[in-house]
$ cat entry.txt   # compact mmCIF, C-alpha atoms and all ligand atoms
# COMPACT_ATOMS: atom_id res chain seq x y z
CA MET A 1 19.75 128.45 73.24
CA GLY A 2 19.43 128.41 77.06
CA GLU A 3 21.39 126.27 79.47
CA LEU A 4 20.36 122.63 79.73
CA GLN A 5 17.98 121.89 82.62
CA ARG A 6 19.50 119.73 85.33
CA VAL A 7 18.12 116.39 86.48
CA VAL A 8 19.68 114.62 89.46
CA LEU A 9 20.43 110.90 89.25
CA ALA A 10 19.09 109.58 92.54
CA THR A 11 21.91 107.13 93.22
CA THR A 12 25.41 107.00 94.63
CA ASN A 13 26.28 103.88 92.59
CA PRO A 14 28.97 105.09 90.11
CA HIS A 15 28.18 102.22 87.67
CA LYS A 16 24.54 103.25 87.43
CA ILE A 17 25.52 106.91 86.96
CA GLN A 18 27.86 105.97 84.11
CA GLU A 19 25.28 103.70 82.46
CA PHE A 20 22.53 106.35 82.66
CA ARG A 21 24.82 108.95 81.09
CA GLU A 22 25.63 106.57 78.23
CA ILE A 23 22.02 105.41 77.70
CA LEU A 24 20.40 108.85 78.01
CA ALA A 25 23.15 110.74 76.16
CA SER A 26 20.55 112.16 73.74
CA ALA A 27 18.22 113.47 76.49
CA PRO A 28 17.93 117.28 76.41
CA CYS A 29 19.11 117.73 80.01
CA ALA A 30 22.25 117.57 82.13
CA LEU A 31 22.28 114.45 84.31
CA VAL A 32 24.06 115.41 87.51
CA SER A 33 25.15 113.16 90.35
CA PRO A 34 24.45 113.96 94.01
CA ASP A 35 28.26 114.18 94.47
CA GLU A 36 28.56 116.92 91.87
CA LEU A 37 25.93 118.89 93.79
CA GLY A 38 27.75 118.28 97.08
CA MET A 39 24.68 116.43 98.40
CA THR A 40 24.47 113.26 100.40
CA VAL A 41 20.95 111.98 100.71
CA ARG A 42 20.90 109.15 103.23
CA MET A 43 17.88 106.93 102.86
CA GLU A 44 16.92 103.36 103.72
CA GLU A 45 15.45 101.32 100.89
CA THR A 46 12.43 100.24 102.92
CA GLY A 47 10.14 99.23 100.05
CA ALA A 48 9.18 95.61 99.38
CA THR A 49 9.35 96.04 95.59
CA PHE A 50 11.62 97.68 93.01
CA ALA A 51 8.82 100.13 92.17
CA GLU A 52 8.32 101.20 95.79
CA ASN A 53 12.05 101.79 96.25
CA ALA A 54 12.43 103.67 92.96
CA VAL A 55 9.53 105.98 93.89
CA LEU A 56 10.88 106.54 97.43
CA LYS A 57 14.33 107.44 96.06
CA ALA A 58 13.07 109.73 93.30
CA LEU A 59 10.80 111.68 95.68
CA ALA A 60 13.46 111.94 98.42
CA TYR A 61 16.16 113.21 96.05
CA ALA A 62 13.85 115.64 94.23
CA GLU A 63 12.77 117.09 97.57
CA THR A 64 16.24 117.35 99.10
CA VAL A 65 18.06 118.57 96.00
CA GLY A 66 15.27 120.78 94.65
CA LEU A 67 15.63 119.44 91.10
CA PRO A 68 13.77 116.77 89.10
CA ALA A 69 15.16 113.35 90.03
CA LEU A 70 15.53 110.09 88.11
CA ALA A 71 15.84 106.99 90.34
CA ASP A 72 16.53 103.40 89.38
CA ASP A 73 15.87 100.44 91.63
CA SER A 74 17.11 97.23 90.11
CA GLY A 75 18.27 93.74 90.85
CA LEU A 76 18.53 90.10 89.96
CA GLU A 77 15.78 87.48 90.47
CA ILE A 78 16.77 83.81 90.36
CA ASP A 79 13.80 81.47 89.84
CA ALA A 80 15.33 78.43 91.60
CA LEU A 81 15.93 80.66 94.65
CA HIS A 82 12.32 81.93 94.65
CA GLY A 83 13.32 85.36 93.35
CA GLU A 84 16.39 85.91 95.54
CA PRO A 85 18.36 88.21 95.76
CA GLY A 86 15.62 90.51 94.38
CA VAL A 87 15.35 93.92 96.04
CA TYR A 88 18.28 92.91 98.27
CA SER A 89 20.67 92.41 95.31
CA ALA A 90 23.04 95.19 96.40
CA ARG A 91 23.29 93.93 100.00
CA TRP A 92 22.88 90.20 99.36
CA ALA A 93 25.35 87.97 101.29
CA GLY A 94 26.28 91.06 103.31
CA GLU A 95 26.97 94.68 102.39
CA GLY A 96 30.36 94.97 100.69
CA THR A 97 30.79 91.22 100.05
CA PRO A 98 32.91 90.91 96.87
CA TYR A 99 30.98 89.70 93.83
CA THR A 100 33.43 86.79 93.33
CA GLU A 101 32.33 85.52 96.76
CA ARG A 102 28.64 86.07 95.90
CA PHE A 103 29.11 84.06 92.68
CA ARG A 104 30.66 81.23 94.70
CA ILE A 105 27.73 81.18 97.17
CA LEU A 106 25.13 81.36 94.40
CA ASN A 107 26.74 78.52 92.48
CA GLU A 108 26.94 76.42 95.62
CA ARG A 109 23.21 76.92 96.23
CA LEU A 110 22.43 76.16 92.58
CA SER A 111 24.80 73.20 92.24
CA ASP A 112 22.00 70.63 91.82
CA VAL A 113 19.92 72.78 89.49
CA PRO A 114 20.16 71.74 85.80
CA ASP A 115 21.14 74.41 83.26
CA GLU A 116 17.64 74.88 81.83
CA GLN A 117 16.26 75.61 85.33
CA ARG A 118 18.89 78.21 86.21
CA THR A 119 16.63 80.90 84.78
CA ALA A 120 16.87 84.46 86.10
CA ARG A 121 16.07 88.02 85.17
CA TYR A 122 17.34 91.49 85.76
CA ARG A 123 14.63 93.99 86.63
CA CYS A 124 14.85 97.74 86.62
CA VAL A 125 12.20 100.25 87.63
CA ILE A 126 12.84 103.93 86.95
CA ALA A 127 10.87 106.67 88.72
CA LEU A 128 10.93 110.31 87.65
CA ALA A 129 9.86 112.93 90.20
CA GLU A 130 9.77 116.70 90.54
CA PRO A 131 10.16 118.69 93.76
CA THR A 132 6.99 119.77 95.62
CA PRO A 133 4.33 120.72 94.66
CA ARG A 134 4.48 118.42 91.63
CA GLY A 135 5.79 115.06 92.92
CA LEU A 136 5.87 111.79 90.99
CA TYR A 137 5.87 112.20 87.19
CA ALA A 138 6.41 108.71 85.73
CA VAL A 139 7.26 105.11 86.63
CA VAL A 140 8.53 102.67 83.96
CA ALA A 141 10.17 99.24 83.99
CA GLY A 142 12.44 96.98 81.96
CA THR A 143 13.62 93.37 82.22
CA LEU A 144 16.29 91.14 80.75
CA GLU A 145 15.84 87.34 80.83
CA GLY A 146 18.82 85.01 81.18
CA ARG A 147 20.42 82.19 83.16
CA ILE A 148 22.96 81.94 85.94
CA ALA A 149 26.23 80.69 84.45
CA ARG A 150 28.30 78.11 86.32
CA GLU A 151 31.43 80.20 85.84
CA ALA A 152 32.01 83.94 85.75
CA ARG A 153 33.03 85.26 82.32
CA GLY A 154 33.90 88.72 80.99
CA THR A 155 35.13 91.97 82.47
CA GLY A 156 32.51 94.51 81.30
CA GLY A 157 29.50 95.88 83.16
CA PHE A 158 29.29 95.53 86.94
CA GLY A 159 27.67 93.53 89.75
CA TYR A 160 26.27 90.15 88.67
CA ASP A 161 27.05 90.67 84.94
CA PRO A 162 29.86 88.01 84.75
CA ILE A 163 27.40 85.24 85.77
CA PHE A 164 24.33 86.57 83.93
CA TYR A 165 24.27 84.51 80.72
CA VAL A 166 22.02 85.51 77.81
CA PRO A 167 21.27 82.30 75.83
CA GLU A 168 20.28 84.09 72.57
CA GLN A 169 23.65 85.84 72.58
CA GLY A 170 25.75 82.89 73.79
CA ARG A 171 27.62 85.15 76.23
CA THR A 172 27.36 86.79 79.62
CA VAL A 173 26.45 90.46 80.00
CA ALA A 174 30.02 91.14 81.15
CA GLU A 175 31.23 89.87 77.75
CA MET A 176 29.19 92.52 75.89
CA PRO A 177 30.53 95.94 74.92
CA SER A 178 28.54 98.55 76.88
CA GLU A 179 26.41 99.72 73.89
CA GLU A 180 25.36 96.11 73.30
CA LYS A 181 24.46 95.65 76.97
CA HIS A 182 22.39 98.88 76.92
CA ALA A 183 20.53 97.79 73.74
CA ILE A 184 19.01 94.77 75.55
CA SER A 185 19.41 95.43 79.27
CA HIS A 186 16.72 96.01 81.87
CA ARG A 187 18.14 99.51 82.47
CA GLY A 188 18.41 100.26 78.73
CA ARG A 189 14.79 99.23 78.19
CA ALA A 190 13.47 101.17 81.17
CA ALA A 191 15.50 104.23 80.15
CA ALA A 192 14.12 104.04 76.60
CA ALA A 193 10.60 104.03 78.12
CA VAL A 194 11.32 107.04 80.36
CA LEU A 195 12.76 109.19 77.57
CA GLY A 196 9.31 110.36 76.34
CA PRO A 197 8.02 111.36 79.81
CA LEU A 198 11.39 112.99 80.61
CA VAL A 199 11.28 115.15 77.48
CA ARG A 200 7.64 116.11 78.19
CA MET A 201 8.43 117.02 81.79
CA LEU A 202 11.42 119.15 80.69
CA ASP A 203 9.24 120.93 78.09
CA GLN A 204 6.55 121.68 80.67
CA ARG A 205 9.15 123.02 83.11
CA ALA A 206 10.80 125.17 80.43
CA TYR A 207 7.34 126.55 79.52
CA SER A 208 6.40 127.36 83.12
CA ILE A 209 9.83 128.99 83.73
CA SER A 210 9.44 131.10 80.56
CA ARG A 211 6.08 132.42 81.86
CA ASP A 212 7.45 133.42 85.31
P1 LIG A 301 19.96 99.16 94.12
O1 LIG A 301 20.97 100.26 94.18
O2 LIG A 301 19.29 98.83 95.40
O3 LIG A 301 18.99 99.36 92.97
O4 LIG A 301 20.82 97.84 93.80
C1 LIG A 301 20.97 97.33 92.56
C2 LIG A 301 21.85 96.08 92.65
O5 LIG A 301 21.35 95.10 91.76
C3 LIG A 301 23.29 96.36 92.20
O6 LIG A 301 24.12 96.78 93.26
C4 LIG A 301 23.69 95.00 91.62
O7 LIG A 301 24.04 94.11 92.65
C5 LIG A 301 22.38 94.52 91.00
N1 LIG A 301 22.25 95.02 89.61
C6 LIG A 301 21.34 95.92 89.15
N2 LIG A 301 21.54 96.17 87.85
C7 LIG A 301 22.61 95.45 87.49
C8 LIG A 301 23.32 95.33 86.25
O8 LIG A 301 23.02 95.98 85.22
N3 LIG A 301 24.36 94.48 86.26
C9 LIG A 301 24.72 93.77 87.36
N4 LIG A 301 24.14 93.86 88.55
C10 LIG A 301 23.06 94.70 88.61
$ encode --input "entry.txt" --output "structure tokens" --more "lines below"
Ligand code: IMP
Amino acid sequence: MGELQRVVLATTNPHKIQEFREILASAPCALVSPDELGMTVRMEETGATFAENAVLKALAYAETVGLPALADDSGLEIDALHGEPGVYSARWAGEGTPYTERFRILNERLSDVPDEQRTARYRCVIALAEPTPRGLYAVVAGTLEGRIAREARGTGGFGYDPIFYVPEQGRTVAEMPSEEKHAISHRGRAAAAVLGPLVRMLDQRAYSISRD
């Protein structure tokens, strides 16, 4: 059997890298981080939507690194805040602001909103791209519906997970073991949808390499 083909994860977020490795553990490829390749791809997320940003990132990394790239753009949308923080989730309240401080600000802004109107969702769009001449291969999405909790609970996951409450489960995402988060999460669902296209793309690449 030959060596596994490499696919670069188009992100520098260590939490996303870890989650992708756990979720896509069965994928027939090696998921490498830009760090492991000694690459730093600097790019502004200039898109107005998760899909635009995911596509921009996947194409930029595939081009710079010269390998197929898998990019995730994701975030939290809070209905009572008209979809904020949305595509700005990573930078919301200022780049590097601790999440405990973000939870405080969010809860202050939502203080008059009754529990049943504190609805929110996580969204994740994954784009898969190959270096030129091929380009974009697939774009898929996943969501997780929930509510913003009044208090942070749990130590698992990352980012907004301690205040993202899933009513059907009676707990926040940060209170779930990682496999249980992945089974229902926006990223887990989008990754499940990208597995088919990823396997097809790897097969096509292996076939074209074997003919060269
Ligand atoms: P991106 O790197 O621009 O896609 O930013 C994603 C941001 O959305 C993260 O930095 C978090 O603030 C938030 N986010 C996305 N997915 C999750 C998740 O699974 N749990 C908690 N926060 C998340």
$ residues_around --input "entry.txt" --residues "range 10-26 of chain A" --least-positions-apart "5" --cutoff "10 Å" --atoms "only C-alpha atoms" --output "PyMOL selection string"
chain A and resi 31-35+40-42+54+57-62+65+68-74+127-128+157-159+178-179+181-183+187-189+191-192+194-195
$ write_last_selection --input "entry.txt" --atoms "C-alpha atoms" --output "tab-separated table (two decimals), in the frame of the given file"
chain	number	residue	atom	x	y	z
A	31	LEU	CA	22.28	114.45	84.31
A	32	VAL	CA	24.06	115.41	87.51
A	33	SER	CA	25.15	113.16	90.35
A	34	PRO	CA	24.45	113.96	94.01
A	35	ASP	CA	28.26	114.18	94.47
A	40	THR	CA	24.47	113.26	100.40
A	41	VAL	CA	20.95	111.98	100.71
A	42	ARG	CA	20.90	109.15	103.23
A	54	ALA	CA	12.43	103.67	92.96
A	57	LYS	CA	14.33	107.44	96.06
A	58	ALA	CA	13.07	109.73	93.30
A	59	LEU	CA	10.80	111.68	95.68
A	60	ALA	CA	13.46	111.94	98.42
A	61	TYR	CA	16.16	113.21	96.05
A	62	ALA	CA	13.85	115.64	94.23
A	65	VAL	CA	18.06	118.57	96.00
A	68	PRO	CA	13.77	116.77	89.10
A	69	ALA	CA	15.16	113.35	90.03
A	70	LEU	CA	15.53	110.09	88.11
A	71	ALA	CA	15.84	106.99	90.34
A	72	ASP	CA	16.53	103.40	89.38
A	73	ASP	CA	15.87	100.44	91.63
A	74	SER	CA	17.11	97.23	90.11
A	127	ALA	CA	10.87	106.67	88.72
A	128	LEU	CA	10.93	110.31	87.65
A	157	GLY	CA	29.50	95.88	83.16
A	158	PHE	CA	29.29	95.53	86.94
A	159	GLY	CA	27.67	93.53	89.75
A	178	SER	CA	28.54	98.55	76.88
A	179	GLU	CA	26.41	99.72	73.89
A	181	LYS	CA	24.46	95.65	76.97
A	182	HIS	CA	22.39	98.88	76.92
A	183	ALA	CA	20.53	97.79	73.74
A	187	ARG	CA	18.14	99.51	82.47
A	188	GLY	CA	18.41	100.26	78.73
A	189	ARG	CA	14.79	99.23	78.19
A	191	ALA	CA	15.50	104.23	80.15
A	192	ALA	CA	14.12	104.04	76.60
A	194	VAL	CA	11.32	107.04	80.36
A	195	LEU	CA	12.76	109.19	77.57
$ closest_residue --input "entry.txt" --among "A:Arg150, A:Arg104, A:Arg171, A:His186" --to "ligand LIG 301 (chain A)" --atoms "only C-alpha atoms and all ligand atoms"
A:His186
$ residues_around --input "entry.txt" --residues "Thr155 in chain A" --least-positions-apart "6" --cutoff "7 Å" --atoms "only C-alpha atoms" --output "ChimeraX atom specification"
/A:162,174-175
$ write_last_selection --input "entry.txt" --atoms "C-alpha atoms" --output "CSV table (one decimal), in the coordinates of the input"
chain,number,residue,atom,x,y,z
A,162,PRO,CA,29.9,88.0,84.8
A,174,ALA,CA,30.0,91.1,81.2
A,175,GLU,CA,31.2,89.9,77.8
$ axis_aligned_box --input "entry.txt" --around "range 78-87 of chain A" --padding-each-side "4 Å" --output "JSON"
{"center_x": 15.3, "center_y": 86.2, "center_z": 92.9, "size_x": 14.0, "size_y": 23.5, "size_z": 14.2}
$ closest_residue --input "entry.txt" --among "A:Gly94, A:Gly66, A:Gly156, A:Pro133" --to "Val8 in chain A" --atoms "all atoms listed in the file"
A:Gly66
$ decode --input "entry.txt" --residues "range 134-148 of chain A" --atoms "all heavy atoms" --output "compact mmCIF listing (two decimals), in the first residue's frame"
# COMPACT_ATOMS: atom_id res chain seq x y z
N ARG A 134 -7.01 22.68 -10.93
CA ARG A 134 -8.34 22.12 -10.62
C ARG A 134 -9.26 23.06 -9.85
O ARG A 134 -10.40 23.22 -10.19
CB ARG A 134 -8.16 20.79 -9.89
CG ARG A 134 -7.49 19.73 -10.78
CD ARG A 134 -8.00 18.37 -10.43
NE ARG A 134 -7.66 17.38 -11.44
CZ ARG A 134 -6.61 16.59 -11.40
NH1 ARG A 134 -5.75 16.68 -10.41
NH2 ARG A 134 -6.39 15.71 -12.36
N GLY A 135 -8.78 23.64 -8.74
CA GLY A 135 -9.59 24.60 -7.99
C GLY A 135 -10.60 23.98 -7.04
O GLY A 135 -10.37 22.87 -6.52
N LEU A 136 -11.74 24.66 -6.88
CA LEU A 136 -12.73 24.26 -5.88
C LEU A 136 -13.35 22.90 -6.21
O LEU A 136 -13.77 22.67 -7.34
CB LEU A 136 -13.82 25.34 -5.83
CG LEU A 136 -14.81 25.23 -4.69
CD1 LEU A 136 -14.12 25.38 -3.34
CD2 LEU A 136 -15.89 26.31 -4.85
N TYR A 137 -13.41 22.01 -5.20
CA TYR A 137 -13.95 20.66 -5.45
C TYR A 137 -15.33 20.48 -4.81
O TYR A 137 -16.21 19.86 -5.39
CB TYR A 137 -12.98 19.61 -4.91
CG TYR A 137 -13.29 18.22 -5.38
CD1 TYR A 137 -12.75 17.72 -6.56
CD2 TYR A 137 -14.17 17.40 -4.66
CE1 TYR A 137 -13.05 16.44 -7.01
CE2 TYR A 137 -14.48 16.12 -5.10
CZ TYR A 137 -13.92 15.65 -6.28
OH TYR A 137 -14.23 14.39 -6.73
N ALA A 138 -15.52 20.98 -3.59
CA ALA A 138 -16.81 20.79 -2.91
C ALA A 138 -17.01 21.84 -1.82
O ALA A 138 -16.03 22.34 -1.26
CB ALA A 138 -16.87 19.41 -2.26
N VAL A 139 -18.28 22.17 -1.58
CA VAL A 139 -18.64 23.07 -0.46
C VAL A 139 -19.83 22.43 0.25
O VAL A 139 -20.83 22.11 -0.40
CB VAL A 139 -19.04 24.48 -0.96
CG1 VAL A 139 -19.35 25.39 0.22
CG2 VAL A 139 -17.95 25.10 -1.82
N VAL A 140 -19.72 22.22 1.55
CA VAL A 140 -20.81 21.61 2.32
C VAL A 140 -21.01 22.40 3.61
O VAL A 140 -20.14 23.18 4.00
CB VAL A 140 -20.49 20.14 2.69
CG1 VAL A 140 -20.36 19.26 1.45
CG2 VAL A 140 -19.22 20.06 3.53
N ALA A 141 -22.16 22.18 4.27
CA ALA A 141 -22.43 22.96 5.48
C ALA A 141 -23.10 22.11 6.56
O ALA A 141 -23.67 21.05 6.27
CB ALA A 141 -23.36 24.12 5.12
N GLY A 142 -22.99 22.57 7.79
CA GLY A 142 -23.67 21.90 8.91
C GLY A 142 -24.07 22.93 9.95
O GLY A 142 -23.42 23.97 10.07
N THR A 143 -25.16 22.65 10.68
CA THR A 143 -25.58 23.58 11.74
C THR A 143 -25.93 22.81 13.01
O THR A 143 -26.23 21.61 12.97
CB THR A 143 -26.85 24.39 11.35
OG1 THR A 143 -27.88 23.47 11.01
CG2 THR A 143 -26.61 25.32 10.19
N LEU A 144 -25.87 23.52 14.12
CA LEU A 144 -26.36 22.99 15.40
C LEU A 144 -27.20 24.08 16.06
O LEU A 144 -26.72 25.19 16.27
CB LEU A 144 -25.18 22.59 16.31
CG LEU A 144 -25.55 22.20 17.75
CD1 LEU A 144 -26.46 20.97 17.78
CD2 LEU A 144 -24.31 21.96 18.59
N GLU A 145 -28.46 23.75 16.37
CA GLU A 145 -29.37 24.73 17.00
C GLU A 145 -29.26 24.64 18.52
O GLU A 145 -29.08 23.55 19.07
CB GLU A 145 -30.83 24.42 16.61
CG GLU A 145 -31.14 24.50 15.13
CD GLU A 145 -31.18 25.94 14.60
OE1 GLU A 145 -31.49 26.87 15.37
OE2 GLU A 145 -30.90 26.11 13.39
N GLY A 146 -29.37 25.78 19.18
CA GLY A 146 -29.32 25.78 20.65
C GLY A 146 -29.78 27.11 21.20
O GLY A 146 -30.47 27.87 20.52
N ARG A 147 -29.38 27.37 22.44
CA ARG A 147 -29.73 28.63 23.12
C ARG A 147 -28.53 29.14 23.89
O ARG A 147 -27.68 28.35 24.30
CB ARG A 147 -30.84 28.37 24.15
CG ARG A 147 -32.17 28.14 23.54
CD ARG A 147 -33.21 28.13 24.65
NE ARG A 147 -34.46 27.57 24.14
CZ ARG A 147 -35.47 27.24 24.89
NH1 ARG A 147 -35.40 27.37 26.20
NH2 ARG A 147 -36.56 26.76 24.36
N ILE A 148 -28.51 30.45 24.11
CA ILE A 148 -27.42 31.03 24.89
C ILE A 148 -27.75 30.91 26.39
O ILE A 148 -28.75 31.47 26.85
CB ILE A 148 -27.16 32.50 24.50
CG1 ILE A 148 -26.84 32.60 23.00
CG2 ILE A 148 -26.03 33.09 25.34
CD1 ILE A 148 -25.64 31.78 22.52
